[in-house]
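Just below is one structure, and these are the notes that go with it.
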2 protein chains.
Amino acid sequence: MPPSTADLAPTHIADDAQLPPLPDDHPGITSLFGVLLAGEIAAFYRLTAESQMAPDIRGRVAMAQMAGAEMAHFEVLAAELVRRGRDVVDTVAHYAPILDQYHGSTTPNSWLESMVKAYIGDGLAADFYLEVAHTLPGDAEGIVQDVMAETGHSEFACAEVRAAVAADPSLTSPLRLWGRRLLGEAITQAQHVLASEEDLTGLLFSEASDFTRISTFFESIQDRHAARMQELGLG
Amino acid sequence: MPPSTADLAPTHIADDAQLPPLPDDHPGITSLFGVLLAGEIAAFYRLTAESQMAPDIRGRVAMAQMAGAEMAHFEVLAAELVRRGRDVVDTVAHYAPILDQYHGSTTPNSWLESMVKAYIGDGLAADFYLEVAHTLPGDAEGIVQDVMAETGHSEFACAEVRAAVAADPSLTSPLRLWGRRLLGEAITQAQHVLASEEDLTGLLFSEASDFTRISTFFESIQDRHAARMQELGLG
């Protein structure tokens with residue numbers, strides 16, 4: 001039996017203290033894991049495709065390591081979905097179109113665009129999913145936090161962009177626009193997902209009265225995005 | 001300090017009892033880990049390229065899982081090489097040509113050829129490396145055994161070929177030829193590696209008098225290959 005959220009999630013206790021905990025078998029949790037699973041394998045195939053643009057073996061090794069980390073997360077989510085009685089391949093097939101839409105609308109045209117996307121896109125995905133994780137019972141929250149934890153690998157992408165921009169400042173302006181586009185597409189796609197997946201909407205809006213929190217969240221995403229652009233040398 | 005081989009490797013004690021244990025810092029061990037490391041990332045990129053031929057999402061998921069498993073092994077070997085003072089990217093760059101030669105001479109032209117190669121090629125690689133592992137001190141032997149252990153994923157490749165051949169027996173003969181070619185190329189490339197890497201030759205032939213064992217090994221590889229072809233329904 002999973003312990004209650006009161007035992008395991010003290011960090012958000014101020015927000016969540018008055019809310020009833022979600023049951024572990026809430027269908028929205030399974031849907032969330034499904035979107036995450038499809039997201040991992042979509043990211044895997046995106047990274048391996050973009051590794052073609054790597055300027056050297058260092059870049060190809062880093063891309064393979066990032067892609068490998070996505071599949072390690074995939075395995076965690078796959079085991080959890082199987083435990084919940086879902087078929088992994090069916091789940092990927094169900095959510096793949098959502099992910100394809102995002103990646104199709106943000107295909108990098110250069111190695112540096114790919115690096116910005118790896119850093120900014122993964123960060124935005126983590127922002128969205130960790131926000132949803134607040135509302136989950138302890139075990140489910142832990143799984144989302146594990147698979148969304150920053151890996152050392154994204155530091156490679158950040159360092160790559162910083163160095164390139166420092167060496168050639170004329171790269172800054174187009175990459176800044178690219179970063180803004182990634183933010184816009186990520187928000188659009190997140191809204192799509194929420195609109196099309198009722199179970200997921202049920203998760204986020206299970207605290208129906210807490211509109212302040214939702215709007216605070218969308219503001220904070222912009223702030224966190226700006227901080228990441230700063231990290232990349234694109235602030 | 002690693003324990004001595006006498007403590008940890010009792011399974012080959014009958015063969016090795018008279019031999020002095022190799023020191024943990026034998027340069028051949030570092031070379032072996034280097035070839036293995038380069039082999040993992042070469043296999044990763046081969047699998048992701050061949051996933052384009054997957055007939056369905058099931059196949060794409062399986063290929064991504066196999067590729068992810070290679071990178072998990074890559075990380076184990078990378079950590080070990082770093083511990084031994086080697087640079088991971090330099091190591092990949094040094095051994096990549098050997099692996100490219102093997103993969104370049106055995107590029108599958110169909111999904112089923114790719115599946116046969118995944119099953120037969122990984123099995124042959126395991127045969128070679130596990131043979132070398134016998135001669136290693138306990139810790140190093142354990143690492144080779146871990147990264148060469150059969151994963152559940154290769155069962156997917158085996159089942160895929162068996163099903164296809166059962167449904168259409170006319171596939172048997174061309175795939176049998178393909179399997180034979182894989183064996184020939186693997187042996188050729190293994191000989192190349194041994195000829196070009198003195199440190200590695202030093203590992204295998206550190207028991208210079210034991211020619212019987214080497215020739216027994218090459219015979220046993222043929223037997224094990226035949227057993228795998230049987231498993232695939234190509235016997």
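Identifiers in this document derive from the order of the structure tokens: chains are assigned A, B, ..., residues are numbered from 1 separately in each chain, and ligands are numbered from 1 in order of occurrence.
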
Residues of chain A were defined as contacting chain B if any atom lay at most 6 Å from it, counting only C-alpha atoms; please report them as a count of residues only.
4

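Shell of range 170-177 of chain A at 12 Å, with only C-alpha atoms counted and residues fewer than 5 places along the chain excluded, is Pro108, Asn109, Ser110, Trp111, Leu112, Glu113, Ser114, Met115, Val116, Lys117, Ile120, Val161, Arg162, Ala163, Ala164, Val165, Leu182, Leu183, Gly184, His225, Ala226, Arg228, Met229, Gln230, Leu232, Gly233, Leu234 and Gly235 of chain A.
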
Expected file: the selected residues, N, CA and C atoms, as a PDB file, in the first residue's frame:
ATOM      1  N   PRO A 108      14.241  21.262 -35.212  1.00  0.00           N
ATOM      2  CA  PRO A 108      15.422  22.129 -35.287  1.00  0.00           C
ATOM      3  C   PRO A 108      16.069  22.061 -36.664  1.00  0.00           C
ATOM      4  N   ASN A 109      16.594  23.208 -37.110  1.00  0.00           N
ATOM      5  CA  ASN A 109      17.280  23.244 -38.399  1.00  0.00           C
ATOM      6  C   ASN A 109      18.789  23.269 -38.265  1.00  0.00           C
ATOM      7  N   SER A 110      19.273  23.239 -37.053  1.00  0.00           N
ATOM      8  CA  SER A 110      20.723  23.245 -36.853  1.00  0.00           C
ATOM      9  C   SER A 110      21.031  22.569 -35.528  1.00  0.00           C
ATOM     10  N   TRP A 111      22.295  22.260 -35.362  1.00  0.00           N
ATOM     11  CA  TRP A 111      22.768  21.647 -34.122  1.00  0.00           C
ATOM     12  C   TRP A 111      22.444  22.538 -32.916  1.00  0.00           C
ATOM     13  N   LEU A 112      22.671  23.845 -33.057  1.00  0.00           N
ATOM     14  CA  LEU A 112      22.430  24.726 -31.909  1.00  0.00           C
ATOM     15  C   LEU A 112      20.936  24.830 -31.595  1.00  0.00           C
ATOM     16  N   GLU A 113      20.095  24.871 -32.627  1.00  0.00           N
ATOM     17  CA  GLU A 113      18.644  24.852 -32.368  1.00  0.00           C
ATOM     18  C   GLU A 113      18.261  23.565 -31.637  1.00  0.00           C
ATOM     19  N   SER A 114      18.889  22.473 -32.027  1.00  0.00           N
ATOM     20  CA  SER A 114      18.616  21.198 -31.370  1.00  0.00           C
ATOM     21  C   SER A 114      19.033  21.241 -29.898  1.00  0.00           C
ATOM     22  N   MET A 115      20.180  21.870 -29.631  1.00  0.00           N
ATOM     23  CA  MET A 115      20.665  21.974 -28.248  1.00  0.00           C
ATOM     24  C   MET A 115      19.749  22.875 -27.405  1.00  0.00           C
ATOM     25  N   VAL A 116      19.315  23.995 -27.995  1.00  0.00           N
ATOM     26  CA  VAL A 116      18.383  24.882 -27.273  1.00  0.00           C
ATOM     27  C   VAL A 116      17.091  24.122 -26.967  1.00  0.00           C
ATOM     28  N   LYS A 117      16.617  23.368 -27.951  1.00  0.00           N
ATOM     29  CA  LYS A 117      15.369  22.619 -27.731  1.00  0.00           C
ATOM     30  C   LYS A 117      15.548  21.556 -26.654  1.00  0.00           C
ATOM     31  N   ILE A 120      15.651  23.712 -23.309  1.00  0.00           N
ATOM     32  CA  ILE A 120      14.407  24.444 -23.021  1.00  0.00           C
ATOM     33  C   ILE A 120      13.204  23.501 -23.005  1.00  0.00           C
ATOM     34  N   VAL A 161      25.561  25.589 -26.126  1.00  0.00           N
ATOM     35  CA  VAL A 161      24.956  26.833 -26.611  1.00  0.00           C
ATOM     36  C   VAL A 161      25.725  28.044 -26.075  1.00  0.00           C
ATOM     37  N   ARG A 162      26.004  28.045 -24.785  1.00  0.00           N
ATOM     38  CA  ARG A 162      26.750  29.160 -24.175  1.00  0.00           C
ATOM     39  C   ARG A 162      28.055  29.425 -24.916  1.00  0.00           C
ATOM     40  N   ALA A 163      28.798  28.341 -25.181  1.00  0.00           N
ATOM     41  CA  ALA A 163      30.100  28.492 -25.832  1.00  0.00           C
ATOM     42  C   ALA A 163      29.939  29.060 -27.239  1.00  0.00           C
ATOM     43  N   ALA A 164      28.938  28.570 -27.969  1.00  0.00           N
ATOM     44  CA  ALA A 164      28.743  29.013 -29.357  1.00  0.00           C
ATOM     45  C   ALA A 164      28.346  30.482 -29.399  1.00  0.00           C
ATOM     46  N   VAL A 165      27.466  30.890 -28.495  1.00  0.00           N
ATOM     47  CA  VAL A 165      26.984  32.270 -28.473  1.00  0.00           C
ATOM     48  C   VAL A 165      28.094  33.222 -28.023  1.00  0.00           C
ATOM     49  N   LEU A 182       9.620  27.906 -29.020  1.00  0.00           N
ATOM     50  CA  LEU A 182       9.499  26.646 -28.265  1.00  0.00           C
ATOM     51  C   LEU A 182       8.531  26.812 -27.096  1.00  0.00           C
ATOM     52  N   LEU A 183       8.627  27.952 -26.403  1.00  0.00           N
ATOM     53  CA  LEU A 183       7.715  28.212 -25.289  1.00  0.00           C
ATOM     54  C   LEU A 183       6.268  28.254 -25.777  1.00  0.00           C
ATOM     55  N   GLY A 184       6.047  28.999 -26.863  1.00  0.00           N
ATOM     56  CA  GLY A 184       4.684  29.117 -27.402  1.00  0.00           C
ATOM     57  C   GLY A 184       4.102  27.770 -27.794  1.00  0.00           C
ATOM     58  N   HIS A 225      11.221  29.861 -17.751  1.00  0.00           N
ATOM     59  CA  HIS A 225      11.736  29.851 -19.119  1.00  0.00           C
ATOM     60  C   HIS A 225      12.787  30.957 -19.292  1.00  0.00           C
ATOM     61  N   ALA A 226      12.473  32.151 -18.793  1.00  0.00           N
ATOM     62  CA  ALA A 226      13.417  33.278 -18.907  1.00  0.00           C
ATOM     63  C   ALA A 226      14.731  32.957 -18.196  1.00  0.00           C
ATOM     64  N   ARG A 228      16.026  30.010 -17.789  1.00  0.00           N
ATOM     65  CA  ARG A 228      16.776  29.042 -18.608  1.00  0.00           C
ATOM     66  C   ARG A 228      17.429  29.711 -19.806  1.00  0.00           C
ATOM     67  N   MET A 229      16.711  30.662 -20.437  1.00  0.00           N
ATOM     68  CA  MET A 229      17.309  31.382 -21.567  1.00  0.00           C
ATOM     69  C   MET A 229      18.566  32.125 -21.100  1.00  0.00           C
ATOM     70  N   GLN A 230      18.506  32.676 -19.900  1.00  0.00           N
ATOM     71  CA  GLN A 230      19.668  33.330 -19.290  1.00  0.00           C
ATOM     72  C   GLN A 230      20.826  32.335 -19.146  1.00  0.00           C
ATOM     73  N   LEU A 232      21.434  29.828 -20.883  1.00  0.00           N
ATOM     74  CA  LEU A 232      21.968  29.499 -22.213  1.00  0.00           C
ATOM     75  C   LEU A 232      22.794  30.636 -22.805  1.00  0.00           C
ATOM     76  N   GLY A 233      22.808  31.779 -22.110  1.00  0.00           N
ATOM     77  CA  GLY A 233      23.483  32.951 -22.672  1.00  0.00           C
ATOM     78  C   GLY A 233      22.592  33.694 -23.650  1.00  0.00           C
ATOM     79  N   LEU A 234      21.278  33.429 -23.583  1.00  0.00           N
ATOM     80  CA  LEU A 234      20.336  34.033 -24.536  1.00  0.00           C
ATOM     81  C   LEU A 234      19.365  34.978 -23.834  1.00  0.00           C
ATOM     82  N   GLY A 235      19.743  35.417 -22.627  1.00  0.00           N
ATOM     83  CA  GLY A 235      18.827  36.259 -21.851  1.00  0.00           C
ATOM     84  C   GLY A 235      18.776  37.683 -22.375  1.00  0.00           C
TER      85      GLY A 235
END

Got a sec: who's within 12 Å of range 200-203 of chain A, counting only C-alpha atoms, leaving out chain neighbours fewer than 2 positions off, as an NGL selection string?
:A and (21-36 or 129 or 131-137 or 190-198 or 205-208 or 214)

So which bits of range 49-127 of chain A end up alpha helix (DSSP H) when you DSSP the backbone, as a PyMOL selection string?
chain A and resi 49-50+57-83+88-105+111-127

Please save C-alpha atoms of the selected residues as a JSON list (two decimals), in the first residue's frame.
[["chain", "number", "residue", "atom", "x", "y", "z"],
["A", 49, "ALA", "CA", 17.50, 11.89, -35.54],
["A", 50, "GLU", "CA", 19.06, 15.21, -34.51],
["A", 57, "ILE", "CA", 31.95, 12.49, -31.93],
["A", 58, "ARG", "CA", 31.57, 14.38, -28.64],
["A", 59, "GLY", "CA", 28.16, 15.58, -29.78],
["A", 60, "ARG", "CA", 27.11, 12.15, -31.00],
["A", 61, "VAL", "CA", 28.13, 10.56, -27.71],
["A", 62, "ALA", "CA", 26.21, 13.20, -25.73],
["A", 63, "MET", "CA", 23.08, 12.74, -27.85],
["A", 64, "ALA", "CA", 23.22, 8.96, -27.43],
["A", 65, "GLN", "CA", 23.58, 9.43, -23.66],
["A", 66, "MET", "CA", 20.60, 11.80, -23.54],
["A", 67, "ALA", "CA", 18.55, 9.37, -25.63],
["A", 68, "GLY", "CA", 19.62, 6.50, -23.38],
["A", 69, "ALA", "CA", 18.47, 8.45, -20.31],
["A", 70, "GLU", "CA", 15.02, 8.90, -21.92],
["A", 71, "MET", "CA", 14.75, 5.13, -22.40],
["A", 72, "ALA", "CA", 15.78, 4.49, -18.78],
["A", 73, "HIS", "CA", 12.80, 6.66, -17.77],
["A", 74, "PHE", "CA", 10.65, 4.88, -20.34],
["A", 75, "GLU", "CA", 11.36, 1.55, -18.62],
["A", 76, "VAL", "CA", 10.30, 2.95, -15.22],
["A", 77, "LEU", "CA", 7.02, 4.22, -16.67],
["A", 78, "ALA", "CA", 6.45, 1.04, -18.70],
["A", 79, "ALA", "CA", 6.76, -1.10, -15.55],
["A", 80, "GLU", "CA", 4.31, 1.18, -13.75],
["A", 81, "LEU", "CA", 1.78, 1.08, -16.61],
["A", 82, "VAL", "CA", 2.00, -2.72, -16.80],
["A", 83, "ARG", "CA", 1.38, -2.81, -13.04],
["A", 88, "VAL", "CA", 2.83, -0.40, -23.31],
["A", 89, "VAL", "CA", 2.65, -0.48, -27.12],
["A", 90, "ASP", "CA", -1.04, 0.51, -27.15],
["A", 91, "THR", "CA", -0.23, 3.39, -24.82],
["A", 92, "VAL", "CA", 2.56, 4.66, -27.06],
["A", 93, "ALA", "CA", 0.27, 4.36, -30.10],
["A", 94, "HIS", "CA", -2.50, 6.29, -28.31],
["A", 95, "TYR", "CA", -0.39, 9.29, -27.27],
["A", 96, "ALA", "CA", 2.15, 9.38, -30.12],
["A", 97, "PRO", "CA", 0.10, 11.84, -32.26],
["A", 98, "ILE", "CA", 0.18, 14.50, -29.50],
["A", 99, "LEU", "CA", 3.95, 14.28, -29.23],
["A", 100, "ASP", "CA", 4.41, 14.13, -32.99],
["A", 101, "GLN", "CA", 2.47, 17.39, -33.25],
["A", 102, "TYR", "CA", 4.82, 19.16, -30.84],
["A", 103, "HIS", "CA", 7.99, 17.78, -32.40],
["A", 104, "GLY", "CA", 6.70, 18.30, -35.92],
["A", 105, "SER", "CA", 6.07, 21.99, -35.19],
["A", 111, "TRP", "CA", 22.77, 21.65, -34.12],
["A", 112, "LEU", "CA", 22.43, 24.73, -31.91],
["A", 113, "GLU", "CA", 18.64, 24.85, -32.37],
["A", 114, "SER", "CA", 18.62, 21.20, -31.37],
["A", 115, "MET", "CA", 20.66, 21.97, -28.25],
["A", 116, "VAL", "CA", 18.38, 24.88, -27.27],
["A", 117, "LYS", "CA", 15.37, 22.62, -27.73],
["A", 118, "ALA", "CA", 16.91, 19.84, -25.65],
["A", 119, "TYR", "CA", 17.53, 22.26, -22.79],
["A", 120, "ILE", "CA", 14.41, 24.44, -23.02],
["A", 121, "GLY", "CA", 12.00, 21.69, -24.10],
["A", 122, "ASP", "CA", 13.02, 19.27, -21.37],
["A", 123, "GLY", "CA", 12.82, 22.07, -18.81],
["A", 124, "LEU", "CA", 9.31, 23.06, -19.89],
["A", 125, "ALA", "CA", 8.16, 19.44, -19.88],
["A", 126, "ALA", "CA", 9.51, 19.09, -16.34],
["A", 127, "ASP", "CA", 7.68, 22.29, -15.28]]

Would you work out the distance separating CA of Glu185 in chain A from CA of Val147 in chain A, expressed in Å to one decimal?
22.1 Å
